[in-house]
>>> print(open('entry_6.cif').read())   # mmCIF, C-alpha atoms and all ligand atoms
data_work
#
loop_
_atom_site.label_atom_id
_atom_site.label_comp_id
_atom_site.auth_asym_id
_atom_site.auth_seq_id
_atom_site.Cartn_x
_atom_site.Cartn_y
_atom_site.Cartn_z
CA MET A 1 256.33 -104.95 -15.07
CA PRO A 2 255.24 -101.32 -15.40
CA GLU A 3 257.55 -98.38 -14.87
CA VAL A 4 257.27 -97.00 -11.34
CA SER A 5 257.56 -93.37 -10.31
CA THR A 6 257.30 -92.12 -6.76
CA SER A 7 256.84 -88.56 -8.03
CA LEU A 8 253.53 -87.30 -9.32
CA ALA A 9 255.28 -84.27 -10.81
CA GLN A 10 257.65 -86.50 -12.80
CA ALA A 11 254.84 -88.76 -13.94
CA GLY A 12 253.00 -85.63 -15.07
CA VAL A 13 255.95 -84.54 -17.19
CA VAL A 14 255.83 -87.92 -18.99
CA THR A 15 252.04 -87.95 -19.47
CA LYS A 16 251.76 -84.35 -20.60
CA ALA A 17 254.59 -84.77 -23.12
CA ALA A 18 252.86 -87.88 -24.46
CA ARG A 19 249.52 -86.04 -24.65
CA ALA A 20 251.20 -83.18 -26.53
CA GLN A 21 252.39 -85.79 -29.07
CA GLY A 22 248.79 -86.81 -29.65
CA LYS A 23 248.85 -89.91 -27.43
CA ARG A 24 245.72 -90.81 -25.51
CA ILE A 25 246.43 -91.06 -21.78
CA GLY A 26 244.35 -93.47 -19.69
CA PHE A 27 244.34 -93.10 -15.93
CA VAL A 28 243.17 -95.41 -13.15
CA PRO A 29 243.36 -93.85 -9.68
CA THR A 30 243.56 -96.44 -6.88
CA MET A 31 244.53 -96.84 -3.27
CA GLY A 32 246.42 -100.06 -4.01
CA ALA A 33 245.59 -103.58 -2.76
CA LEU A 34 244.78 -104.21 -6.40
CA HIS A 35 242.43 -107.07 -7.26
CA ALA A 36 240.50 -108.31 -10.28
CA GLY A 37 238.18 -105.29 -10.07
CA HIS A 38 241.12 -102.90 -10.51
CA ALA A 39 242.56 -105.13 -13.25
CA ALA A 40 239.28 -104.68 -15.17
CA LEU A 41 239.64 -100.89 -14.91
CA ILE A 42 243.24 -100.99 -16.16
CA GLU A 43 242.30 -103.36 -19.00
CA ALA A 44 239.52 -100.98 -20.04
CA ALA A 45 242.02 -98.11 -20.14
CA ARG A 46 244.50 -100.31 -22.07
CA GLU A 47 241.91 -101.07 -24.75
CA ARG A 48 241.22 -97.36 -25.29
CA CYS A 49 244.52 -95.56 -24.70
CA ASP A 50 248.16 -95.38 -25.80
CA LEU A 51 249.66 -94.78 -22.35
CA VAL A 52 248.04 -96.23 -19.21
CA VAL A 53 248.89 -94.79 -15.80
CA THR A 54 247.74 -96.14 -12.43
CA SER A 55 248.17 -94.20 -9.20
CA ILE A 56 248.51 -95.96 -5.87
CA PHE A 57 247.92 -93.56 -3.02
CA VAL A 58 246.18 -94.34 0.25
CA ASN A 59 244.59 -90.93 0.59
CA PRO A 60 244.52 -89.92 4.28
CA LEU A 61 242.08 -87.10 3.53
CA GLN A 62 239.23 -89.49 2.74
CA PHE A 63 239.51 -91.53 5.96
CA GLY A 64 237.60 -90.15 8.92
CA ASP A 65 238.58 -93.12 11.02
CA GLN A 66 242.33 -93.23 11.70
CA SER A 67 242.30 -96.98 12.44
CA ASP A 68 240.58 -97.64 9.07
CA LEU A 69 243.45 -95.74 7.40
CA GLU A 70 246.09 -97.68 9.34
CA ARG A 71 244.46 -101.04 8.57
CA TYR A 72 244.08 -100.31 4.86
CA PRO A 73 246.03 -103.12 3.08
CA ARG A 74 249.35 -102.11 1.47
CA THR A 75 250.63 -104.69 -1.03
CA LEU A 76 252.88 -102.82 -3.48
CA ASP A 77 254.82 -105.77 -4.96
CA GLN A 78 251.63 -107.66 -5.72
CA ASP A 79 250.01 -104.46 -7.01
CA LEU A 80 252.77 -103.96 -9.56
CA GLU A 81 252.21 -107.49 -10.84
CA VAL A 82 248.44 -106.99 -11.14
CA ALA A 83 248.88 -103.61 -12.84
CA GLY A 84 251.51 -104.94 -15.24
CA ALA A 85 249.49 -108.03 -16.17
CA ALA A 86 246.46 -105.81 -16.89
CA GLY A 87 248.49 -103.64 -19.27
CA CYS A 88 249.53 -100.64 -17.16
CA ASP A 89 252.60 -98.75 -18.45
CA LEU A 90 253.35 -96.52 -15.48
CA VAL A 91 252.48 -96.82 -11.79
CA VAL A 92 252.85 -93.67 -9.73
CA THR A 93 253.11 -94.00 -5.95
CA PRO A 94 253.33 -90.46 -4.57
CA GLU A 95 254.15 -89.60 -0.96
CA VAL A 96 251.62 -87.82 1.25
CA ALA A 97 253.95 -84.79 1.32
CA GLU A 98 253.72 -84.32 -2.45
CA LEU A 99 249.92 -84.19 -2.46
CA TYR A 100 249.50 -82.48 0.90
CA PRO A 101 252.63 -80.43 1.72
CA THR A 102 251.14 -79.18 5.00
CA TRP A 103 250.08 -82.63 6.25
CA PRO A 104 249.02 -83.44 8.99
CA GLU A 105 247.63 -79.93 8.84
CA PRO A 106 244.72 -79.91 6.37
CA PRO A 107 245.51 -78.81 2.82
CA SER A 108 244.95 -75.10 2.16
CA ILE A 109 242.92 -75.76 -1.02
CA THR A 110 240.28 -78.48 -1.17
CA VAL A 111 237.38 -79.44 -3.42
CA THR A 112 234.01 -79.80 -1.67
CA ALA A 113 231.82 -82.58 -2.98
CA GLY A 114 228.43 -80.82 -2.63
CA PRO A 115 224.87 -82.15 -2.26
CA LEU A 116 225.47 -85.52 -3.95
CA ALA A 117 227.67 -86.33 -0.97
CA ARG A 118 225.02 -85.49 1.61
CA ARG A 119 223.46 -88.94 1.92
CA TRP A 120 224.57 -92.59 2.08
CA GLU A 121 228.35 -92.96 2.27
CA GLY A 122 228.64 -89.22 2.78
CA ALA A 123 226.34 -89.33 5.81
CA SER A 124 228.07 -92.33 7.36
CA ARG A 125 231.59 -91.09 6.57
CA PRO A 126 231.59 -87.30 7.06
CA GLY A 127 234.26 -85.59 4.94
CA HIS A 128 234.98 -88.76 2.95
CA PHE A 129 233.87 -87.41 -0.43
CA ASP A 130 235.58 -84.05 0.08
CA GLY A 131 238.77 -86.11 0.49
CA VAL A 132 237.98 -88.04 -2.69
CA THR A 133 237.20 -84.96 -4.81
CA THR A 134 240.28 -83.16 -3.50
CA VAL A 135 242.67 -85.99 -4.31
CA VAL A 136 241.07 -86.82 -7.67
CA ALA A 137 241.20 -83.12 -8.67
CA LYS A 138 244.91 -83.05 -7.80
CA LEU A 139 245.67 -86.34 -9.56
CA PHE A 140 243.81 -85.21 -12.69
CA GLY A 141 245.70 -81.89 -12.59
CA ALA A 142 249.05 -83.65 -12.29
CA ILE A 143 248.50 -86.44 -14.83
CA GLY A 144 246.22 -84.68 -17.33
CA PRO A 145 244.44 -87.86 -18.47
CA CYS A 146 242.26 -88.06 -21.58
CA LEU A 147 240.27 -90.94 -20.03
CA ALA A 148 239.87 -91.84 -16.34
CA VAL A 149 238.37 -95.19 -15.36
CA PHE A 150 236.43 -95.82 -12.14
CA GLY A 151 234.51 -98.79 -10.78
CA GLN A 152 230.72 -98.66 -10.60
CA LYS A 153 230.95 -100.43 -7.24
CA ASP A 154 231.59 -97.00 -5.73
CA PHE A 155 228.47 -95.66 -7.37
CA GLN A 156 228.16 -92.48 -5.30
CA GLN A 157 231.85 -91.73 -5.81
CA LEU A 158 231.47 -92.06 -9.58
CA ALA A 159 228.42 -89.75 -9.55
CA ILE A 160 230.32 -87.14 -7.53
CA VAL A 161 233.48 -87.32 -9.65
CA THR A 162 231.31 -87.02 -12.79
CA GLU A 163 229.75 -83.85 -11.39
CA MET A 164 233.16 -82.50 -10.36
CA VAL A 165 234.55 -83.01 -13.87
CA GLU A 166 231.56 -81.16 -15.34
CA GLN A 167 231.59 -78.33 -12.80
CA LEU A 168 235.36 -77.76 -12.93
CA PHE A 169 235.57 -78.13 -16.74
CA TYR A 170 238.18 -80.89 -16.63
CA ASP A 171 239.08 -82.06 -20.13
CA VAL A 172 238.76 -85.75 -19.23
CA GLU A 173 236.34 -88.47 -20.29
CA LEU A 174 235.09 -90.69 -17.47
CA LEU A 175 234.34 -94.37 -17.86
CA GLY A 176 232.51 -96.45 -15.22
CA ILE A 177 233.17 -100.20 -15.28
CA PRO A 178 230.65 -102.76 -13.91
CA THR A 179 231.49 -104.37 -10.59
CA VAL A 180 233.65 -107.49 -10.68
CA ARG A 181 232.33 -110.14 -8.32
CA GLU A 182 233.56 -113.20 -6.42
CA PRO A 183 232.00 -116.55 -7.47
CA ASP A 184 229.31 -116.16 -4.78
CA GLY A 185 228.51 -112.65 -6.01
CA LEU A 186 230.30 -110.56 -3.36
CA ALA A 187 231.67 -107.41 -4.97
CA ARG A 188 235.46 -107.43 -5.18
CA SER A 189 236.86 -104.95 -2.67
CA SER A 190 240.23 -104.35 -1.07
CA ARG A 191 238.40 -104.64 2.25
CA ASN A 192 237.34 -108.27 1.63
CA VAL A 193 240.72 -109.56 2.84
CA ARG A 194 239.84 -108.26 6.30
CA LEU A 195 236.79 -110.53 6.58
CA SER A 196 237.02 -113.62 8.81
CA PRO A 197 235.66 -116.81 7.17
CA GLN A 198 232.37 -116.35 9.08
CA ALA A 199 232.11 -112.69 8.11
CA ARG A 200 232.97 -113.55 4.53
CA ALA A 201 230.07 -116.03 4.45
CA ALA A 202 227.72 -113.45 5.96
CA ALA A 203 228.82 -110.82 3.42
CA ALA A 204 227.42 -112.96 0.60
CA ALA A 205 223.97 -111.80 1.78
CA ILE A 206 224.68 -108.37 0.24
CA PRO A 207 224.55 -109.41 -3.43
CA GLN A 208 221.69 -111.76 -2.55
CA ALA A 209 219.79 -108.74 -1.24
CA LEU A 210 220.32 -106.99 -4.58
CA LEU A 211 218.98 -110.06 -6.39
CA ALA A 212 215.91 -110.12 -4.11
CA ALA A 213 215.19 -106.47 -4.87
CA GLN A 214 215.57 -107.09 -8.59
CA ALA A 215 213.12 -110.02 -8.31
CA SER A 216 210.67 -107.80 -6.45
CA ALA A 217 211.00 -105.12 -9.16
CA ALA A 218 210.35 -107.75 -11.84
CA GLN A 219 207.09 -108.59 -10.02
CA GLY A 220 206.02 -104.97 -10.03
CA GLY A 221 207.22 -104.01 -6.55
CA GLY A 222 207.73 -100.34 -5.76
CA PRO A 223 210.61 -98.76 -3.82
CA ALA A 224 209.16 -99.76 -0.43
CA ALA A 225 208.84 -103.43 -1.46
CA LEU A 226 212.36 -103.43 -2.93
CA THR A 227 213.79 -101.90 0.23
CA GLU A 228 211.99 -104.46 2.36
CA ALA A 229 213.24 -107.31 0.15
CA MET A 230 216.83 -106.15 0.64
CA ALA A 231 216.39 -105.65 4.39
CA GLU A 232 214.86 -109.11 4.82
CA VAL A 233 217.77 -110.85 3.13
CA LEU A 234 220.31 -108.90 5.16
CA ALA A 235 218.39 -109.68 8.34
CA GLY A 236 219.11 -113.36 7.71
CA ALA A 237 222.82 -112.62 8.29
CA ARG A 238 222.27 -110.27 11.20
CA SER A 239 224.47 -112.04 13.75
CA LEU A 240 227.54 -110.61 11.95
CA LEU A 241 226.10 -108.11 9.48
CA VAL A 242 224.74 -104.74 10.52
CA PRO A 243 222.96 -102.98 7.63
CA ASP A 244 223.57 -99.25 7.29
CA TYR A 245 221.26 -98.45 4.38
CA THR A 246 219.22 -100.36 1.78
CA VAL A 247 217.64 -97.85 -0.61
CA VAL A 248 216.30 -97.29 -4.09
CA VAL A 249 217.54 -93.98 -5.47
CA ASP A 250 217.44 -91.93 -8.61
CA ARG A 251 220.72 -92.82 -10.31
CA ARG A 252 221.56 -89.17 -11.07
CA THR A 253 220.39 -87.25 -7.98
CA LEU A 254 220.95 -90.15 -5.54
CA GLU A 255 217.73 -89.08 -3.79
CA PRO A 256 215.40 -91.87 -2.56
CA LEU A 257 212.62 -92.76 -4.99
CA VAL A 258 209.03 -92.86 -3.83
CA ALA A 259 207.88 -94.44 -7.11
CA LEU A 260 209.69 -96.32 -9.84
CA GLY A 261 209.49 -94.38 -13.06
CA GLU A 262 211.77 -95.29 -15.92
CA PRO A 263 213.44 -98.54 -14.69
CA ASN A 264 216.88 -97.41 -15.86
CA SER A 265 216.72 -94.33 -13.69
CA ALA A 266 216.67 -96.31 -10.43
CA ARG A 267 219.63 -97.71 -8.53
CA LEU A 268 219.69 -100.06 -5.56
CA LEU A 269 222.28 -99.08 -2.95
CA ILE A 270 223.40 -101.16 0.03
CA ALA A 271 225.93 -100.56 2.79
CA ALA A 272 226.54 -102.87 5.71
CA VAL A 273 229.19 -103.38 8.34
CA VAL A 274 230.19 -107.03 8.46
CA ASP A 275 232.09 -107.89 11.61
CA GLY A 276 233.64 -104.42 11.66
CA VAL A 277 234.31 -104.19 7.89
CA ARG A 278 232.23 -101.67 5.93
CA LEU A 279 231.06 -103.03 2.55
CA ILE A 280 228.97 -101.36 -0.16
CA ASP A 281 227.28 -102.63 -3.29
CA ASN A 282 224.73 -101.43 -5.85
CA ALA A 283 222.88 -102.48 -8.99
CA GLY A 284 220.34 -101.35 -11.53
CA LEU A 285 216.86 -102.91 -11.37
CA ALA A 286 217.24 -105.06 -14.45
CA GLU A 287 221.02 -105.23 -14.70
CA PRO A 288 222.24 -108.82 -15.10
CA LEU A 289 224.25 -109.62 -11.98
CA GLU A 290 226.79 -112.41 -11.81
CA VAL A 291 225.30 -113.60 -8.54
CA PRO A 292 224.24 -117.25 -8.09
CA THR A 293 220.69 -117.61 -6.82
CA VAL A 294 220.68 -119.28 -3.39
CA PRO A 295 217.71 -119.80 -1.09
CA HIS A 296 217.95 -117.60 1.96
CA ASP A 297 216.25 -117.83 5.33
CA ARG A 298 213.65 -115.19 5.87
CA PRO A 299 213.72 -113.91 9.44
CA GLU A 300 210.79 -114.98 11.53
CA ARG A 301 208.32 -112.18 12.01
CA MET A 302 207.67 -111.28 15.65
CA GLU A 303 204.04 -110.91 16.59
CA PRO A 304 203.39 -107.45 17.99
O1 LIG B 1 238.13 -95.52 -5.22
C1 LIG B 1 239.24 -95.33 -4.71
O2 LIG B 1 240.09 -96.24 -4.63
C2 LIG B 1 239.57 -93.95 -4.16
O3 LIG B 1 238.46 -93.35 -3.59
C3 LIG B 1 240.22 -93.03 -5.20
C4 LIG B 1 239.28 -92.74 -6.35
C5 LIG B 1 241.49 -93.68 -5.74
C6 LIG B 1 240.60 -91.71 -4.55
O4 LIG B 1 241.50 -91.89 -3.51
#
>>> encode(input="entry_6.cif", output="structure tokens")
Amino acid sequence: MPEVSTSLAQAGVVTKAARAQGKRIGFVPTMGALHAGHAALIEAARERCDLVVTSIFVNPLQFGDQSDLERYPRTLDQDLEVAGAAGCDLVVTPEVAELYPTWPEPPSITVTAGPLARRWEGASRPGHFDGVTTVVAKLFGAIGPCLAVFGQKDFQQLAIVTEMVEQLFYDVELLGIPTVREPDGLARSSRNVRLSPQARAAAAAIPQALLAAQASAAQGGGPAALTEAMAEVLAGARSLLVPDYTVVVDRRTLEPLVALGEPNSARLLIAAVVDGVRLIDNAGLAEPLEVPTVPHDRPERMEP
């Protein structure tokens, strides 16, 4: 089992002393409800660092919807087991008051995420990325990691944190780890436990939509064809699944592409609400996905 500290300040004393001794500090920020996706992040830090720290903090600043915050799963005992098995040395579980002393009044200093946050998750969840950048800036300041590991599942988050680290001159290397998937291809997410069996089955359309777009790209389809391929697959699950966006973007600017240039510069992004649970996923155009190919029903076209 890893050591546990409820104080970010105390954890910072340990990590900064270790860094001063030349140790490489790996950091995995999380909101708990740890699953195999988080374990992969911790394992990646373990392979590269001398001291591995995981934070568990359900950050109220990044939830616009109070009920989403209240329903966020909290599973500390299980989290400690997952973190320990993956090689974490120290888990820090700070209180809201340590990160935000004025809470529930907003913090006096925040970090604004900027234009990369304008679209997609940022548009559907106003203020979300400002909450993410603010908490990550504080966690980095407190822990002083050499390496911080994030999941590529939250592609827009990783792009924004990467920009923040560059713009604020943080002395930390960032590592993005490919999405870990369920056997049917659904991206691992702490939110998956909230899906009913029917919603869980419907959610499997999301990785299938990514596969369909990749197949369209392989046949020479442009952004419009890829977007349509994704939308068609999601439409097959429409009784429970409400798509938010299905887009092809430039992987750096996150702006929609009107033509596919260099294949590696494009990224497929999907968000959908499945029976009240918001899920996101993404992939490169030619990235091998661990998603089984299953036939899917195409929706019948209505005559005009
Ligand atoms: O990805 C998450 O779990 C959160 O957004 C993060 C990075 C831990 C910040 O609260």
>>> residues_near_ligand(input="entry_6.cif", ligand="ligand LIG 1 (chain B)", cutoff="8 Å", atoms="all atoms listed in the file", output="ChimeraX atom specification")
/A:28-32,55-59,62,131-133,135-136,150-151,154,157
>>> residues_near_point(input="entry_6.cif", point="(215.2, -105.7, -8.1)", cutoff="10 Å", atoms="only C-alpha atoms", output="VMD selection string")
chain A and resid 209 to 223 225 to 227 229 to 230 248 263 266 to 268 283 to 287
>>> residues_around(input="entry_6.cif", residues="region 184-201 of chain A", least_positions_apart="2", cutoff="8 Å", atoms="all atoms listed in the file", output="ChimeraX atom specification")
/A:33-37,72-73,153,179-182,203-208,240-241,274-275,277-279,281,289-292
>>> atom_distance(input="entry_6.cif", atom1="CA of His38 (chain A)", atom2="CA of Ala83 (chain A)")
8.1 Å
>>> closest_residue(input="entry_6.cif", among="A:Ala85, A:Ala159, A:Leu257, A:Ile42", to="Leu147 (chain A)", atoms="only C-alpha atoms")
A:Ile42
>>> closest_residue(input="entry_6.cif", among="A:Gly236, A:Gly12, A:Pro60, A:Gly276", to="Tyr100 (chain A)", atoms="all atoms listed in the file")
A:Pro60
>>> closest_residue(input="entry_6.cif", among="A:Thr6, A:Lys23, A:Ala224, A:Leu139", to="Glu95 (chain A)", atoms="all atoms listed in the file")
A:Thr6
>>> residues_around(input="entry_6.cif", residues="Ile270 (chain A)", least_positions_apart="4", cutoff="7 Å", atoms="only C-alpha atoms", output="PyMOL selection string")
chain A and resi 245-247+280-282
>>> write_last_selection(input="entry_6.cif", atoms="C-alpha atoms", output="tab-separated table (two decimals), in the coordinates of the input")
chain	number	residue	atom	x	y	z
A	245	TYR	CA	221.26	-98.45	4.38
A	246	THR	CA	219.22	-100.36	1.78
A	247	VAL	CA	217.64	-97.85	-0.61
A	280	ILE	CA	228.97	-101.36	-0.16
A	281	ASP	CA	227.28	-102.63	-3.29
A	282	ASN	CA	224.73	-101.43	-5.85
>>> residues_around(input="entry_6.cif", residues="region 1-4 of chain A", least_positions_apart="2", cutoff="9 Å", atoms="all atoms listed in the file", output="PyMOL selection string")
chain A and resi 6+11+80-81+83-85+87-93
>>> write_last_selection(input="entry_6.cif", atoms="C-alpha atoms", output="tab-separated table (two decimals), in the coordinates of the input")
chain	number	residue	atom	x	y	z
A	6	THR	CA	257.30	-92.12	-6.76
A	11	ALA	CA	254.84	-88.76	-13.94
A	80	LEU	CA	252.77	-103.96	-9.56
A	81	GLU	CA	252.21	-107.49	-10.84
A	83	ALA	CA	248.88	-103.61	-12.84
A	84	GLY	CA	251.51	-104.94	-15.24
A	85	ALA	CA	249.49	-108.03	-16.17
A	87	GLY	CA	248.49	-103.64	-19.27
A	88	CYS	CA	249.53	-100.64	-17.16
A	89	ASP	CA	252.60	-98.75	-18.45
A	90	LEU	CA	253.35	-96.52	-15.48
A	91	VAL	CA	252.48	-96.82	-11.79
A	92	VAL	CA	252.85	-93.67	-9.73
A	93	THR	CA	253.11	-94.00	-5.95
>>> residues_near_point(input="entry_6.cif", point="(236.6, -93.9, -15.9)", cutoff="10 Å", atoms="all atoms listed in the file", output="PDB file with C-alpha atoms, in the frame of the given file")
ATOM      1  CA  GLY A  26     244.350 -93.470 -19.690  1.00  0.00           C
ATOM      2  CA  PHE A  27     244.340 -93.100 -15.930  1.00  0.00           C
ATOM      3  CA  VAL A  28     243.170 -95.410 -13.150  1.00  0.00           C
ATOM      4  CA  PRO A  29     243.360 -93.850  -9.680  1.00  0.00           C
ATOM      5  CA  LEU A  41     239.640-100.890 -14.910  1.00  0.00           C
ATOM      6  CA  ILE A  42     243.240-100.990 -16.160  1.00  0.00           C
ATOM      7  CA  ALA A  44     239.520-100.980 -20.040  1.00  0.00           C
ATOM      8  CA  ALA A  45     242.020 -98.110 -20.140  1.00  0.00           C
ATOM      9  CA  CYS A 146     242.260 -88.060 -21.580  1.00  0.00           C
ATOM     10  CA  LEU A 147     240.270 -90.940 -20.030  1.00  0.00           C
ATOM     11  CA  ALA A 148     239.870 -91.840 -16.340  1.00  0.00           C
ATOM     12  CA  VAL A 149     238.370 -95.190 -15.360  1.00  0.00           C
ATOM     13  CA  PHE A 150     236.430 -95.820 -12.140  1.00  0.00           C
ATOM     14  CA  GLY A 151     234.510 -98.790 -10.780  1.00  0.00           C
ATOM     15  CA  GLN A 152     230.720 -98.660 -10.600  1.00  0.00           C
ATOM     16  CA  LEU A 158     231.470 -92.060  -9.580  1.00  0.00           C
ATOM     17  CA  VAL A 161     233.480 -87.320  -9.650  1.00  0.00           C
ATOM     18  CA  THR A 162     231.310 -87.020 -12.790  1.00  0.00           C
ATOM     19  CA  VAL A 172     238.760 -85.750 -19.230  1.00  0.00           C
ATOM     20  CA  GLU A 173     236.340 -88.470 -20.290  1.00  0.00           C
ATOM     21  CA  LEU A 174     235.090 -90.690 -17.470  1.00  0.00           C
ATOM     22  CA  LEU A 175     234.340 -94.370 -17.860  1.00  0.00           C
ATOM     23  CA  GLY A 176     232.510 -96.450 -15.220  1.00  0.00           C
ATOM     24  CA  ILE A 177     233.170-100.200 -15.280  1.00  0.00           C
TER      25      ILE A 177
END
>>> decode(input="entry_6.cif", residues="region 196-258 of chain A", atoms="C-alpha atoms", output="CSV table (one decimal), in the first residue's frame")
chain,number,residue,atom,x,y,z
A,196,SER,CA,-27.2,1.2,-16.7
A,197,PRO,CA,-26.7,-2.1,-18.6
A,198,GLN,CA,-28.7,-0.7,-21.5
A,199,ALA,CA,-26.7,2.6,-21.5
A,200,ARG,CA,-23.5,0.6,-21.3
A,201,ALA,CA,-24.4,-1.3,-24.4
A,202,ALA,CA,-25.3,1.9,-26.2
A,203,ALA,CA,-22.0,3.5,-25.2
A,204,ALA,CA,-20.1,0.9,-27.2
A,205,ALA,CA,-21.3,2.8,-30.3
A,206,ILE,CA,-18.7,5.6,-29.4
A,207,PRO,CA,-15.5,3.6,-30.2
A,208,GLN,CA,-17.4,2.0,-33.1
A,209,ALA,CA,-17.9,5.5,-34.5
A,210,LEU,CA,-14.2,6.2,-34.2
A,211,LEU,CA,-13.5,2.9,-36.1
A,212,ALA,CA,-16.0,4.0,-38.9
A,213,ALA,CA,-14.3,7.3,-39.3
A,214,GLN,CA,-10.9,5.7,-39.5
A,215,ALA,CA,-12.2,3.3,-42.2
A,216,SER,CA,-13.6,6.3,-44.1
A,217,ALA,CA,-10.2,8.0,-43.8
A,218,ALA,CA,-8.5,4.9,-45.1
A,219,GLN,CA,-10.8,5.1,-48.2
A,220,GLY,CA,-9.8,8.6,-48.8
A,221,GLY,CA,-12.7,10.4,-47.1
A,222,GLY,CA,-12.4,14.0,-46.1
A,223,PRO,CA,-13.5,15.6,-42.8
A,224,ALA,CA,-17.1,15.8,-43.9
A,225,ALA,CA,-17.2,12.1,-44.7
A,226,LEU,CA,-15.5,11.2,-41.5
A,227,THR,CA,-17.9,13.3,-39.4
A,228,GLU,CA,-20.9,11.7,-41.2
A,229,ALA,CA,-19.5,8.2,-40.6
A,230,MET,CA,-19.2,8.9,-36.9
A,231,ALA,CA,-22.7,10.5,-36.7
A,232,GLU,CA,-24.3,7.5,-38.6
A,233,VAL,CA,-22.9,5.0,-36.1
A,234,LEU,CA,-24.0,7.1,-33.1
A,235,ALA,CA,-27.4,7.5,-34.7
A,236,GLY,CA,-27.8,3.7,-34.4
A,237,ALA,CA,-27.8,4.0,-30.6
A,238,ARG,CA,-29.9,7.1,-30.5
A,239,SER,CA,-32.7,5.8,-28.2
A,240,LEU,CA,-30.2,6.3,-25.3
A,241,LEU,CA,-27.3,8.2,-26.7
A,242,VAL,CA,-27.4,11.9,-27.6
A,243,PRO,CA,-24.4,13.0,-29.5
A,244,ASP,CA,-22.9,16.3,-28.6
A,245,TYR,CA,-20.1,16.6,-31.1
A,246,THR,CA,-18.4,14.4,-33.7
A,247,VAL,CA,-15.5,16.3,-35.3
A,248,VAL,CA,-12.2,16.1,-37.1
A,249,VAL,CA,-9.8,18.7,-35.7
A,250,ASP,CA,-6.2,19.8,-36.0
A,251,ARG,CA,-4.5,18.0,-33.1
A,252,ARG,CA,-2.7,21.1,-32.0
A,253,THR,CA,-5.2,24.0,-32.5
A,254,LEU,CA,-8.3,21.8,-31.9
A,255,GLU,CA,-9.9,23.8,-34.7
A,256,PRO,CA,-12.2,21.8,-37.1
A,257,LEU,CA,-10.4,20.7,-40.3
A,258,VAL,CA,-11.9,21.4,-43.7
